[in-house]
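S.K.: Dropping in target_23.pdb, with PDB, N, CA and C atoms and all ligand atoms.
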```pdb
ATOM      1  N   MET A   3     231.020 205.608  37.515  1.00  0.00           N
ATOM      2  CA  MET A   3     231.181 205.346  38.956  1.00  0.00           C
ATOM      3  C   MET A   3     232.551 204.740  39.223  1.00  0.00           C
ATOM      4  N   PHE A   4     233.224 205.338  40.141  1.00  0.00           N
ATOM      5  CA  PHE A   4     234.550 204.852  40.490  1.00  0.00           C
ATOM      6  C   PHE A   4     234.558 204.402  41.943  1.00  0.00           C
ATOM      7  N   VAL A   5     235.287 203.350  42.210  1.00  0.00           N
ATOM      8  CA  VAL A   5     235.466 202.915  43.586  1.00  0.00           C
ATOM      9  C   VAL A   5     236.890 203.257  43.988  1.00  0.00           C
ATOM     10  N   LEU A   6     236.984 204.030  45.037  1.00  0.00           N
ATOM     11  CA  LEU A   6     238.285 204.474  45.489  1.00  0.00           C
ATOM     12  C   LEU A   6     238.602 203.850  46.832  1.00  0.00           C
ATOM     13  N   LYS A   7     239.845 203.639  47.076  1.00  0.00           N
ATOM     14  CA  LYS A   7     240.235 203.072  48.358  1.00  0.00           C
ATOM     15  C   LYS A   7     241.108 204.047  49.118  1.00  0.00           C
ATOM     16  N   CYS A   8     240.740 204.242  50.351  1.00  0.00           N
ATOM     17  CA  CYS A   8     241.500 205.135  51.216  1.00  0.00           C
ATOM     18  C   CYS A   8     242.670 204.374  51.813  1.00  0.00           C
ATOM     19  N   SER A   9     243.854 204.887  51.604  1.00  0.00           N
ATOM     20  CA  SER A   9     245.012 204.173  52.129  1.00  0.00           C
ATOM     21  C   SER A   9     245.253 204.501  53.597  1.00  0.00           C
ATOM     22  N   GLU A  10     244.556 205.476  54.118  1.00  0.00           N
ATOM     23  CA  GLU A  10     244.675 205.805  55.538  1.00  0.00           C
ATOM     24  C   GLU A  10     243.957 204.779  56.406  1.00  0.00           C
ATOM     25  N   CYS A  11     242.678 204.521  56.071  1.00  0.00           N
ATOM     26  CA  CYS A  11     241.870 203.654  56.930  1.00  0.00           C
ATOM     27  C   CYS A  11     241.410 202.393  56.219  1.00  0.00           C
ATOM     28  N   GLY A  12     241.691 202.269  54.924  1.00  0.00           N
ATOM     29  CA  GLY A  12     241.317 201.064  54.200  1.00  0.00           C
ATOM     30  C   GLY A  12     239.881 201.057  53.722  1.00  0.00           C
ATOM     31  N   ASN A  13     239.160 202.112  53.984  1.00  0.00           N
ATOM     32  CA  ASN A  13     237.774 202.203  53.542  1.00  0.00           C
ATOM     33  C   ASN A  13     237.697 202.350  52.024  1.00  0.00           C
ATOM     34  N   THR A  14     236.685 201.734  51.422  1.00  0.00           N
ATOM     35  CA  THR A  14     236.434 201.990  50.008  1.00  0.00           C
ATOM     36  C   THR A  14     235.163 202.813  49.885  1.00  0.00           C
ATOM     37  N   PHE A  15     235.196 203.743  48.975  1.00  0.00           N
ATOM     38  CA  PHE A  15     234.023 204.587  48.780  1.00  0.00           C
ATOM     39  C   PHE A  15     233.839 204.873  47.304  1.00  0.00           C
ATOM     40  N   LYS A  16     232.590 205.184  46.943  1.00  0.00           N
ATOM     41  CA  LYS A  16     232.263 205.375  45.540  1.00  0.00           C
ATOM     42  C   LYS A  16     232.096 206.852  45.219  1.00  0.00           C
ATOM     43  N   VAL A  17     232.533 207.182  44.042  1.00  0.00           N
ATOM     44  CA  VAL A  17     232.373 208.548  43.561  1.00  0.00           C
ATOM     45  C   VAL A  17     231.725 208.470  42.189  1.00  0.00           C
ATOM     46  N   ASP A  18     230.668 209.219  41.992  1.00  0.00           N
ATOM     47  CA  ASP A  18     229.928 209.150  40.729  1.00  0.00           C
ATOM     48  C   ASP A  18     230.741 209.689  39.562  1.00  0.00           C
ATOM     49  N   ARG A  19     231.178 210.903  39.737  1.00  0.00           N
ATOM     50  CA  ARG A  19     231.928 211.524  38.667  1.00  0.00           C
ATOM     51  C   ARG A  19     233.230 212.048  39.247  1.00  0.00           C
ATOM     52  N   ILE A  20     234.243 211.963  38.462  1.00  0.00           N
ATOM     53  CA  ILE A  20     235.526 212.382  38.981  1.00  0.00           C
ATOM     54  C   ILE A  20     236.275 213.096  37.869  1.00  0.00           C
ATOM     55  N   LYS A  21     237.015 214.087  38.283  1.00  0.00           N
ATOM     56  CA  LYS A  21     237.788 214.831  37.298  1.00  0.00           C
ATOM     57  C   LYS A  21     239.254 214.765  37.679  1.00  0.00           C
ATOM     58  N   ASP A  22     240.057 214.830  36.667  1.00  0.00           N
ATOM     59  CA  ASP A  22     241.492 214.846  36.922  1.00  0.00           C
ATOM     60  C   ASP A  22     241.838 216.055  37.774  1.00  0.00           C
ATOM     61  N   ASP A  23     242.733 215.833  38.707  1.00  0.00           N
ATOM     62  CA  ASP A  23     243.230 216.914  39.540  1.00  0.00           C
ATOM     63  C   ASP A  23     242.236 217.383  40.601  1.00  0.00           C
ATOM     64  N   GLU A  24     241.168 216.633  40.775  1.00  0.00           N
ATOM     65  CA  GLU A  24     240.172 217.002  41.756  1.00  0.00           C
ATOM     66  C   GLU A  24     240.555 216.446  43.126  1.00  0.00           C
ATOM     67  N   LEU A  25     240.031 217.075  44.159  1.00  0.00           N
ATOM     68  CA  LEU A  25     240.270 216.565  45.498  1.00  0.00           C
ATOM     69  C   LEU A  25     239.065 215.762  45.965  1.00  0.00           C
ATOM     70  N   VAL A  26     239.325 214.596  46.524  1.00  0.00           N
ATOM     71  CA  VAL A  26     238.256 213.817  47.132  1.00  0.00           C
ATOM     72  C   VAL A  26     238.638 213.554  48.580  1.00  0.00           C
ATOM     73  N   ALA A  27     237.641 213.382  49.405  1.00  0.00           N
ATOM     74  CA  ALA A  27     237.900 213.114  50.809  1.00  0.00           C
ATOM     75  C   ALA A  27     237.236 211.808  51.201  1.00  0.00           C
ATOM     76  N   CYS A  28     237.933 211.013  51.972  1.00  0.00           N
ATOM     77  CA  CYS A  28     237.367 209.779  52.488  1.00  0.00           C
ATOM     78  C   CYS A  28     236.242 210.119  53.457  1.00  0.00           C
ATOM     79  N   PRO A  29     235.071 209.521  53.276  1.00  0.00           N
ATOM     80  CA  PRO A  29     233.947 209.846  54.161  1.00  0.00           C
ATOM     81  C   PRO A  29     234.127 209.324  55.576  1.00  0.00           C
ATOM     82  N   VAL A  30     235.043 208.407  55.779  1.00  0.00           N
ATOM     83  CA  VAL A  30     235.228 207.833  57.106  1.00  0.00           C
ATOM     84  C   VAL A  30     236.254 208.622  57.920  1.00  0.00           C
ATOM     85  N   CYS A  31     237.446 208.776  57.371  1.00  0.00           N
ATOM     86  CA  CYS A  31     238.500 209.409  58.163  1.00  0.00           C
ATOM     87  C   CYS A  31     238.838 210.811  57.650  1.00  0.00           C
ATOM     88  N   GLU A  32     238.182 211.210  56.558  1.00  0.00           N
ATOM     89  CA  GLU A  32     238.336 212.554  56.006  1.00  0.00           C
ATOM     90  C   GLU A  32     239.725 212.869  55.479  1.00  0.00           C
ATOM     91  N   ALA A  33     240.467 211.830  55.193  1.00  0.00           N
ATOM     92  CA  ALA A  33     241.749 212.048  54.529  1.00  0.00           C
ATOM     93  C   ALA A  33     241.483 212.566  53.124  1.00  0.00           C
ATOM     94  N   GLU A  34     242.278 213.496  52.689  1.00  0.00           N
ATOM     95  CA  GLU A  34     242.047 214.063  51.372  1.00  0.00           C
ATOM     96  C   GLU A  34     243.055 213.549  50.364  1.00  0.00           C
ATOM     97  N   TYR A  35     242.549 213.308  49.169  1.00  0.00           N
ATOM     98  CA  TYR A  35     243.383 212.791  48.093  1.00  0.00           C
ATOM     99  C   TYR A  35     243.195 213.615  46.845  1.00  0.00           C
ATOM    100  N   LYS A  36     244.242 213.670  46.095  1.00  0.00           N
ATOM    101  CA  LYS A  36     244.161 214.298  44.793  1.00  0.00           C
ATOM    102  C   LYS A  36     243.986 213.198  43.757  1.00  0.00           C
ATOM    103  N   VAL A  37     243.028 213.403  42.865  1.00  0.00           N
ATOM    104  CA  VAL A  37     242.718 212.396  41.862  1.00  0.00           C
ATOM    105  C   VAL A  37     243.623 212.577  40.653  1.00  0.00           C
ATOM    106  N   LEU A  38     244.205 211.490  40.238  1.00  0.00           N
ATOM    107  CA  LEU A  38     244.965 211.511  38.996  1.00  0.00           C
ATOM    108  C   LEU A  38     244.292 210.558  38.022  1.00  0.00           C
ATOM    109  N   LEU A  39     243.783 211.102  36.955  1.00  0.00           N
ATOM    110  CA  LEU A  39     243.126 210.282  35.932  1.00  0.00           C
ATOM    111  C   LEU A  39     244.089 210.076  34.777  1.00  0.00           C
ATOM    112  N   LYS A  40     244.372 208.823  34.504  1.00  0.00           N
ATOM    113  CA  LYS A  40     245.299 208.556  33.425  1.00  0.00           C
ATOM    114  C   LYS A  40     244.876 207.297  32.709  1.00  0.00           C
ATOM    115  N   ASP A  41     244.652 207.406  31.406  1.00  0.00           N
ATOM    116  CA  ASP A  41     244.244 206.270  30.583  1.00  0.00           C
ATOM    117  C   ASP A  41     243.024 205.555  31.153  1.00  0.00           C
ATOM    118  N   GLY A  42     242.078 206.332  31.688  1.00  0.00           N
ATOM    119  CA  GLY A  42     240.866 205.741  32.230  1.00  0.00           C
ATOM    120  C   GLY A  42     241.014 205.113  33.596  1.00  0.00           C
ATOM    121  N   LYS A  43     242.224 205.175  34.145  1.00  0.00           N
ATOM    122  CA  LYS A  43     242.431 204.633  35.480  1.00  0.00           C
ATOM    123  C   LYS A  43     242.549 205.760  36.480  1.00  0.00           C
ATOM    124  N   VAL A  44     242.066 205.480  37.657  1.00  0.00           N
ATOM    125  CA  VAL A  44     242.094 206.494  38.699  1.00  0.00           C
ATOM    126  C   VAL A  44     243.150 206.139  39.731  1.00  0.00           C
ATOM    127  N   THR A  45     243.988 207.091  40.003  1.00  0.00           N
ATOM    128  CA  THR A  45     244.972 206.906  41.055  1.00  0.00           C
ATOM    129  C   THR A  45     244.767 208.000  42.084  1.00  0.00           C
ATOM    130  N   LEU A  46     244.930 207.662  43.315  1.00  0.00           N
ATOM    131  CA  LEU A  46     244.832 208.664  44.364  1.00  0.00           C
ATOM    132  C   LEU A  46     246.217 209.000  44.876  1.00  0.00           C
ATOM    133  N   GLU A  47     246.421 210.272  44.992  1.00  0.00           N
ATOM    134  CA  GLU A  47     247.692 210.729  45.520  1.00  0.00           C
ATOM    135  C   GLU A  47     247.376 211.431  46.824  1.00  0.00           C
ATOM    136  N   GLU A  48     248.108 211.104  47.850  1.00  0.00           N
ATOM    137  CA  GLU A  48     247.807 211.748  49.119  1.00  0.00           C
ATOM    138  C   GLU A  48     247.987 213.247  48.996  1.00  0.00           C
ATOM    139  N   PHE A  49     246.990 213.940  49.454  1.00  0.00           N
ATOM    140  CA  PHE A  49     247.012 215.385  49.321  1.00  0.00           C
ATOM    141  C   PHE A  49     247.726 215.998  50.509  1.00  0.00           C
ATOM    142  N   VAL A  50     248.736 216.763  50.208  1.00  0.00           N
ATOM    143  CA  VAL A  50     249.506 217.415  51.254  1.00  0.00           C
ATOM    144  C   VAL A  50     249.232 218.910  51.181  1.00  0.00           C
ATOM    145  N   TYR A  51     248.812 219.435  52.281  1.00  0.00           N
ATOM    146  CA  TYR A  51     248.575 220.867  52.311  1.00  0.00           C
ATOM    147  C   TYR A  51     249.881 221.618  52.153  1.00  0.00           C
ATOM    148  N   GLU A  52     249.822 222.633  51.351  1.00  0.00           N
ATOM    149  CA  GLU A  52     251.018 223.437  51.192  1.00  0.00           C
ATOM    150  C   GLU A  52     251.060 224.520  52.261  1.00  0.00           C
ATOM    151  N   ASN A  53     252.179 225.110  52.386  1.00  0.00           N
ATOM    152  CA  ASN A  53     252.373 226.210  53.333  1.00  0.00           C
ATOM    153  C   ASN A  53     252.148 225.795  54.784  1.00  0.00           C
ATOM    154  N   GLU A  54     252.361 224.546  55.058  1.00  0.00           N
ATOM    155  CA  GLU A  54     252.274 224.123  56.454  1.00  0.00           C
ATOM    156  C   GLU A  54     253.674 223.729  56.905  1.00  0.00           C
ATOM    157  N   ASP A  55     254.464 224.709  57.105  1.00  0.00           N
ATOM    158  CA  ASP A  55     255.845 224.465  57.484  1.00  0.00           C
ATOM    159  C   ASP A  55     256.010 224.719  58.970  1.00  0.00           C
ATOM    160  N   PHE A  56     256.084 223.637  59.707  1.00  0.00           N
ATOM    161  CA  PHE A  56     256.232 223.784  61.145  1.00  0.00           C
ATOM    162  C   PHE A  56     257.701 223.689  61.571  1.00  0.00           C
ATOM    163  N   GLY A  57     258.565 223.758  60.600  1.00  0.00           N
ATOM    164  CA  GLY A  57     259.978 223.514  60.907  1.00  0.00           C
ATOM    165  C   GLY A  57     260.673 224.646  61.639  1.00  0.00           C
ATOM    166  N   GLU A  58     260.024 225.807  61.688  1.00  0.00           N
ATOM    167  CA  GLU A  58     260.718 226.933  62.299  1.00  0.00           C
ATOM    168  C   GLU A  58     259.981 227.489  63.510  1.00  0.00           C
ATOM    169  N   LEU A  59     259.298 226.598  64.225  1.00  0.00           N
ATOM    170  CA  LEU A  59     258.553 227.061  65.392  1.00  0.00           C
ATOM    171  C   LEU A  59     259.459 227.309  66.584  1.00  0.00           C
ATOM    172  N   THR A  60     260.585 226.654  66.615  1.00  0.00           N
ATOM    173  CA  THR A  60     261.476 226.776  67.771  1.00  0.00           C
ATOM    174  C   THR A  60     262.592 227.739  67.454  1.00  0.00           C
ATOM    175  N   LYS A  61     262.256 229.011  67.473  1.00  0.00           N
ATOM    176  CA  LYS A  61     263.282 230.008  67.197  1.00  0.00           C
ATOM    177  C   LYS A  61     263.797 230.597  68.498  1.00  0.00           C
TER
HETATM  178 ZN    ZN B 101     239.810 206.863  55.127  1.00  0.00          ZN
END
```
Is it possible to give me this structure as structure tokens?
Ligand SMILES: [Zn+2]

M.R.:
Amino acid sequence: MFVLKCSECGNTFKVDRIKDDELVACPVCEAEYKVLLKDGKVTLEEFVYENEDFGELTK
């Protein structure tokens, strides 16, 4: 059991099983994180959707 903290809203939530490179979502604000498992420690990396390039909308 891991306790994860959402850096978006500050909520903590528990996850029973977790795998490296897995995506988890905060149950409160639905922010998505990528799990990084290293040496038994869990780190959350903010998940950024790819291919969302809004930089060229004003052509
Ligand atoms: Zn959250």

S.K.: Restricting the calculation to all atoms listed in the file: of A:Glu24, A:Glu47, A:Asp41, A:Glu34, which residue gets closest to ligand ZN 101 (chain B)?

M.R.: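 Using all atoms listed in the file, ligand ZN 101 (chain B) sits closest to A:Glu34.
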
S.K.: What is the atom CA of A:Lys36 to atom N of A:Cys11 distance in Å?

M.R.: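 Distance reported for this atom pair: 15.0 Å.
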
S.K.: Residues of chain A that approach ligand ZN 101 (chain B) to 6.5 Å or less, counting only N, CA and C atoms and all ligand atoms: could you list each one with the shortest pair of atoms and its distance in Å to one decimal, rows by chain and increasing residue number, as a tab-separated table?

M.R.:
```
residue	atom	partner	partner_atom	distance
A:Cys8	CA	B:ZN101	ZN	4.6
A:Ser9	N	B:ZN101	ZN	5.7
A:Glu10	C	B:ZN101	ZN	4.8
A:Cys11	N	B:ZN101	ZN	3.8
A:Gly12	N	B:ZN101	ZN	5.0
A:Asn13	N	B:ZN101	ZN	4.9
A:Cys28	CA	B:ZN101	ZN	4.6
A:Pro29	N	B:ZN101	ZN	5.7
A:Val30	C	B:ZN101	ZN	4.9
A:Cys31	N	B:ZN101	ZN	3.8
A:Glu32	N	B:ZN101	ZN	4.9
A:Ala33	N	B:ZN101	ZN	5.0
```

S.K.: Under the PyMOL selection byres (((chain A and resi 16) around 8) and not hetatm), which residues of this model are included? Write them out as a list in words.

M.R.: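 Output from the PyMOL selection byres (((chain A and resi 16) around 8) and not hetatm), applied to this file: Met3, Phe4, Val5, Leu6, Lys7, Asn13, Thr14, Phe15, Val17, Asp18 and Arg19 of chain A.
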
S.K.: From the DSSP assignment of the backbone, select every residue of stretch 21-55 of chain A that is strand (DSSP E), and format the answer as a PyMOL selection string.

M.R.: chain A and resi 25-27+34-40+43-48

S.K.: May I ask for the distance between atom CA of A:Leu46 and atom CA of A:Asp23, given in Å to one decimal place?

M.R.: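 Pair atom CA of A:Leu46 / atom CA of A:Asp23 returns 9.7 Å.
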
S.K.: Can you spit out chain A with C-alpha atoms, as a PDB file, in the first residue's frame, from the structure just given?

M.R.:
```
ATOM      1  CA  MET A   3       0.000   0.000   0.000  1.00  0.00           C
ATOM      2  CA  PHE A   4       1.343   3.331  -1.022  1.00  0.00           C
ATOM      3  CA  VAL A   5       0.183   6.758   0.020  1.00  0.00           C
ATOM      4  CA  LEU A   6       0.494   9.288  -2.719  1.00  0.00           C
ATOM      5  CA  LYS A   7       0.101  13.005  -2.533  1.00  0.00           C
ATOM      6  CA  CYS A   8      -1.421  15.071  -5.260  1.00  0.00           C
ATOM      7  CA  SER A   9       0.544  18.218  -5.831  1.00  0.00           C
ATOM      8  CA  GLU A  10      -2.384  19.837  -7.620  1.00  0.00           C
ATOM      9  CA  CYS A  11      -4.877  19.845  -4.753  1.00  0.00           C
ATOM     10  CA  GLY A  12      -2.851  18.492  -1.831  1.00  0.00           C
ATOM     11  CA  ASN A  13      -5.051  15.444  -1.443  1.00  0.00           C
ATOM     12  CA  THR A  14      -3.463  12.204  -0.298  1.00  0.00           C
ATOM     13  CA  PHE A  15      -4.764   8.938  -1.606  1.00  0.00           C
ATOM     14  CA  LYS A  16      -3.863   5.294  -1.255  1.00  0.00           C
ATOM     15  CA  VAL A  17      -3.013   2.851  -3.959  1.00  0.00           C
ATOM     16  CA  ASP A  18      -2.833  -0.862  -3.227  1.00  0.00           C
ATOM     17  CA  ARG A  19      -0.470  -1.917  -5.909  1.00  0.00           C
ATOM     18  CA  ILE A  20       1.624   0.221  -8.105  1.00  0.00           C
ATOM     19  CA  LYS A  21       3.889  -0.432 -11.002  1.00  0.00           C
ATOM     20  CA  ASP A  22       6.700   1.582 -12.382  1.00  0.00           C
ATOM     21  CA  ASP A  23       5.670   3.770 -15.264  1.00  0.00           C
ATOM     22  CA  GLU A  24       1.998   3.415 -14.453  1.00  0.00           C
ATOM     23  CA  LEU A  25      -0.466   6.264 -14.554  1.00  0.00           C
ATOM     24  CA  VAL A  26      -2.469   7.140 -11.471  1.00  0.00           C
ATOM     25  CA  ALA A  27      -5.149   9.757 -11.147  1.00  0.00           C
ATOM     26  CA  CYS A  28      -6.050  11.785  -8.097  1.00  0.00           C
ATOM     27  CA  PRO A  29      -9.587  10.831  -7.062  1.00  0.00           C
ATOM     28  CA  VAL A  30     -10.377  14.403  -6.071  1.00  0.00           C
ATOM     29  CA  CYS A  31      -9.165  16.610  -8.894  1.00  0.00           C
ATOM     30  CA  GLU A  32      -8.374  13.883 -11.445  1.00  0.00           C
ATOM     31  CA  ALA A  33      -4.894  15.126 -12.099  1.00  0.00           C
ATOM     32  CA  GLU A  34      -2.867  12.377 -13.667  1.00  0.00           C
ATOM     33  CA  TYR A  35       0.589  11.339 -12.605  1.00  0.00           C
ATOM     34  CA  LYS A  36       3.142   8.964 -13.873  1.00  0.00           C
ATOM     35  CA  VAL A  37       4.562   6.679 -11.217  1.00  0.00           C
ATOM     36  CA  LEU A  38       8.283   6.358 -10.908  1.00  0.00           C
ATOM     37  CA  LEU A  39       9.394   3.499  -8.700  1.00  0.00           C
ATOM     38  CA  LYS A  40      12.975   3.680  -7.637  1.00  0.00           C
ATOM     39  CA  ASP A  41      14.674   1.833  -4.788  1.00  0.00           C
ATOM     40  CA  GLY A  42      11.298   1.096  -3.220  1.00  0.00           C
ATOM     41  CA  LYS A  43      10.316   4.739  -3.204  1.00  0.00           C
ATOM     42  CA  VAL A  44       7.476   6.144  -5.180  1.00  0.00           C
ATOM     43  CA  THR A  45       7.733   9.433  -6.947  1.00  0.00           C
ATOM     44  CA  LEU A  46       4.986  11.058  -8.914  1.00  0.00           C
ATOM     45  CA  GLU A  47       5.751  12.909 -12.040  1.00  0.00           C
ATOM     46  CA  GLU A  48       3.119  15.156 -13.463  1.00  0.00           C
ATOM     47  CA  PHE A  49       1.731  13.529 -16.517  1.00  0.00           C
ATOM     48  CA  VAL A  50       1.708  15.714 -19.567  1.00  0.00           C
ATOM     49  CA  TYR A  51      -0.334  14.669 -22.505  1.00  0.00           C
ATOM     50  CA  GLU A  52       1.637  14.483 -25.653  1.00  0.00           C
ATOM     51  CA  ASN A  53       0.542  15.851 -28.975  1.00  0.00           C
ATOM     52  CA  GLU A  54      -1.308  18.722 -27.412  1.00  0.00           C
ATOM     53  CA  ASP A  55       0.367  21.529 -29.215  1.00  0.00           C
ATOM     54  CA  PHE A  56      -1.796  24.585 -29.192  1.00  0.00           C
ATOM     55  CA  GLY A  57       1.003  26.823 -30.343  1.00  0.00           C
ATOM     56  CA  GLU A  58      -0.116  27.057 -33.930  1.00  0.00           C
ATOM     57  CA  LEU A  59      -3.795  27.855 -33.606  1.00  0.00           C
ATOM     58  CA  THR A  60      -3.389  31.433 -34.754  1.00  0.00           C
ATOM     59  CA  LYS A  61      -2.364  31.004 -38.332  1.00  0.00           C
TER      60      LYS A  61
END
```
